Amino acid sequence: MYPDPEIRHLMDLLPASGRMLTKLVSKPGQATVIEAPVPKPWMAFRPVSINFDLWNQLSRAQRDLLVLRTVSWVTSVRWFRPSLNQGLVLVGVLGVIVEATQGDAVGVIAAGSLSAIAGTQIWRSNHSTQRELEADEAAIQVAMRRGYTETEAARSLLSAIETVAEIEGRPSLSFIELLRCQNLRAIAGVSPVGVPSSLRE
């Protein structure tokens, strides 16, 4: 597969926010079909790398939903949005600076610990099961604006998750992928059972 025409198609598929924030790049040597690292706070663009040799083994619908889902997830990561944890990180950093200038080692440790705990909470919120499921559901909503039905989109994303695991030679799906598949089956009407709220945290 020639990557340039495919990248143009995928960029046209993305919502405006996805086109502005993400950059699709060809990465022939990577072992995964598609990869998007957690964006760092200082990054202007969120890179999404695709191995087009592996990508070609997916159907058009699977490719469309997979890129929409990946971009939905990567653009949902927000390091700087008003929240209690953001405020605690800021207070902790300022506390470290103030205590360091005063030479108070205990104060530096206390302020640094506060900042680290709040930063860990932000990291966890960006990696929660709920965030993963929301990315799937956001991708389905965008796909519906691109001509897919909700059932088609959910089934295509479901089959894409399973096919990618096979292409990559993984013996089984991860726990998060299994939860995502169950949620997609419920959306597609294949299963009456969704993901319990206790597992969404």
# chains A, B, ... in the order shown; residues from 1 in each chain; ligands from 1
>>> residues_around(residues="Met43 in chain A", least_positions_apart="5", cutoff="12 Å", atoms="only C-alpha atoms", output="ChimeraX atom specification")
/A:21-23,37-38,74-75,77-79
>>> atom_distance(atom1="CA of Glu150 in chain A", atom2="CA of Leu68 in chain A")
13.8 Å
>>> residues_around(residues="range 49-54 of chain A", least_positions_apart="3", cutoff="9 Å", atoms="only C-alpha atoms", output="list in words")
Met1, Tyr2, Pro3, Glu6, Lys23, Leu24, Val25, Ser26, Lys27, Pro28, Gly29, Gln30, Ala31, Thr32, Val33, Ile34, Glu35, Ala36, Gln57, Leu58, Val164, Ile167 and Glu168 of chain A
>>> atom_distance(atom1="CA of Arg131 in chain A", atom2="CA of Leu184 in chain A")
14.3 Å
>>> closest_residue(among="A:Ser174, A:Ser17, A:Gln62, A:Thr70", to="Arg155 in chain A", atoms="only C-alpha atoms")
A:Gln62
>>> residues_around(residues="Ser76 in chain A", least_positions_apart="6", cutoff="10 Å", atoms="only C-alpha atoms", output="PyMOL selection string")
chain A and resi 70+126+131-132+134-135+138
>>> atom_distance(atom1="CA of Pro5 in chain A", atom2="CA of Trp73 in chain A")
23.6 Å
>>> closest_residue(among="A:Leu158, A:Val190, A:Val71, A:Ala44", to="Leu10 in chain A", atoms="only C-alpha atoms")
A:Val71
>>> select_by_dssp(residues="range 13-89 of chain A", states="strand (DSSP E or B)", output="number ranges by chain")
A: 22-26, 34-35, 46-50
>>> write_last_selection(atoms="all heavy atoms", output="mmCIF file, in the first residue's frame")
data_model
loop_
_atom_site.group_PDB
_atom_site.id
_atom_site.type_symbol
_atom_site.label_atom_id
_atom_site.label_comp_id
_atom_site.auth_asym_id
_atom_site.auth_seq_id
_atom_site.Cartn_x
_atom_site.Cartn_y
_atom_site.Cartn_z
ATOM 1 N N THR A 22 -3.315 16.126 15.392
ATOM 2 C CA THR A 22 -2.559 14.889 15.156
ATOM 3 C C THR A 22 -1.794 14.942 13.853
ATOM 4 O O THR A 22 -2.114 15.705 12.938
ATOM 5 C CB THR A 22 -3.485 13.657 15.128
ATOM 6 O OG1 THR A 22 -4.476 13.834 14.120
ATOM 7 C CG2 THR A 22 -4.151 13.438 16.460
ATOM 8 N N LYS A 23 -0.787 14.103 13.784
ATOM 9 C CA LYS A 23 0.017 13.968 12.569
ATOM 10 C C LYS A 23 0.184 12.479 12.297
ATOM 11 O O LYS A 23 0.743 11.744 13.112
ATOM 12 C CB LYS A 23 1.386 14.634 12.769
ATOM 13 C CG LYS A 23 2.247 14.607 11.532
ATOM 14 C CD LYS A 23 3.540 15.362 11.764
ATOM 15 C CE LYS A 23 4.371 15.364 10.485
ATOM 16 N NZ LYS A 23 5.642 16.085 10.685
ATOM 17 N N LEU A 24 -0.347 12.010 11.163
ATOM 18 C CA LEU A 24 -0.221 10.607 10.783
ATOM 19 C C LEU A 24 1.089 10.415 10.039
ATOM 20 O O LEU A 24 1.388 11.143 9.092
ATOM 21 C CB LEU A 24 -1.392 10.191 9.892
ATOM 22 C CG LEU A 24 -2.798 10.394 10.462
ATOM 23 C CD1 LEU A 24 -3.846 9.915 9.465
ATOM 24 C CD2 LEU A 24 -2.966 9.667 11.781
ATOM 25 N N VAL A 25 1.885 9.434 10.497
ATOM 26 C CA VAL A 25 3.187 9.184 9.870
ATOM 27 C C VAL A 25 3.344 7.710 9.547
ATOM 28 O O VAL A 25 2.839 6.843 10.256
ATOM 29 C CB VAL A 25 4.347 9.657 10.783
ATOM 30 C CG1 VAL A 25 4.337 11.164 10.954
ATOM 31 C CG2 VAL A 25 4.292 8.984 12.134
ATOM 32 N N SER A 26 4.038 7.445 8.454
ATOM 33 C CA SER A 26 4.338 6.063 8.067
ATOM 34 C C SER A 26 5.560 5.585 8.834
ATOM 35 O O SER A 26 6.585 6.269 8.866
ATOM 36 C CB SER A 26 4.604 6.000 6.563
ATOM 37 O OG SER A 26 5.033 4.706 6.193
ATOM 38 N N ILE A 34 -0.799 0.187 14.493
ATOM 39 C CA ILE A 34 -0.938 1.638 14.716
ATOM 40 C C ILE A 34 -0.528 1.935 16.147
ATOM 41 O O ILE A 34 -0.793 1.142 17.054
ATOM 42 C CB ILE A 34 -2.386 2.104 14.427
ATOM 43 C CG1 ILE A 34 -2.499 3.628 14.507
ATOM 44 C CG2 ILE A 34 -3.383 1.423 15.347
ATOM 45 C CD1 ILE A 34 -3.819 4.165 13.968
ATOM 46 N N GLU A 35 0.147 3.042 16.323
ATOM 47 C CA GLU A 35 0.658 3.360 17.656
ATOM 48 C C GLU A 35 0.575 4.855 17.898
ATOM 49 O O GLU A 35 0.927 5.656 17.015
ATOM 50 C CB GLU A 35 2.106 2.894 17.771
ATOM 51 C CG GLU A 35 2.649 2.901 19.165
ATOM 52 C CD GLU A 35 3.980 2.145 19.260
ATOM 53 O OE1 GLU A 35 4.026 0.958 18.908
ATOM 54 O OE2 GLU A 35 4.953 2.781 19.676
ATOM 55 N N ARG A 46 0.227 15.533 18.121
ATOM 56 C CA ARG A 46 0.193 14.195 18.685
ATOM 57 C C ARG A 46 0.457 13.211 17.543
ATOM 58 O O ARG A 46 -0.420 12.994 16.702
ATOM 59 C CB ARG A 46 -1.170 13.918 19.318
ATOM 60 C CG ARG A 46 -1.317 14.562 20.691
ATOM 61 C CD ARG A 46 -2.200 15.778 20.673
ATOM 62 N NE ARG A 46 -2.101 16.593 21.872
ATOM 63 C CZ ARG A 46 -2.803 16.415 22.963
ATOM 64 N NH1 ARG A 46 -3.678 15.446 23.035
ATOM 65 N NH2 ARG A 46 -2.653 17.214 23.982
ATOM 66 N N PRO A 47 1.656 12.629 17.481
ATOM 67 C CA PRO A 47 1.969 11.726 16.365
ATOM 68 C C PRO A 47 1.248 10.381 16.480
ATOM 69 O O PRO A 47 1.140 9.809 17.563
ATOM 70 C CB PRO A 47 3.489 11.541 16.473
ATOM 71 C CG PRO A 47 3.807 11.791 17.912
ATOM 72 C CD PRO A 47 2.799 12.794 18.390
ATOM 73 N N VAL A 48 0.732 9.908 15.354
ATOM 74 C CA VAL A 48 0.116 8.583 15.255
ATOM 75 C C VAL A 48 0.863 7.866 14.140
ATOM 76 O O VAL A 48 0.789 8.279 12.978
ATOM 77 C CB VAL A 48 -1.386 8.670 14.919
ATOM 78 C CG1 VAL A 48 -1.967 7.279 14.718
ATOM 79 C CG2 VAL A 48 -2.134 9.415 16.022
ATOM 80 N N SER A 49 1.620 6.826 14.492
ATOM 81 C CA SER A 49 2.423 6.124 13.489
ATOM 82 C C SER A 49 1.731 4.836 13.059
ATOM 83 O O SER A 49 1.130 4.133 13.869
ATOM 84 C CB SER A 49 3.821 5.816 14.036
ATOM 85 O OG SER A 49 3.739 5.071 15.228
ATOM 86 N N ILE A 50 1.828 4.562 11.757
ATOM 87 C CA ILE A 50 1.151 3.405 11.157
ATOM 88 C C ILE A 50 2.146 2.602 10.344
ATOM 89 O O ILE A 50 2.915 3.165 9.558
ATOM 90 C CB ILE A 50 -0.011 3.870 10.249
ATOM 91 C CG1 ILE A 50 -1.044 4.678 11.033
ATOM 92 C CG2 ILE A 50 -0.675 2.680 9.575
ATOM 93 C CD1 ILE A 50 -2.111 5.343 10.172
#
>>> residues_around(residues="Ala154 in chain A", least_positions_apart="6", cutoff="7 Å", atoms="only C-alpha atoms", output="count of residues only")
4
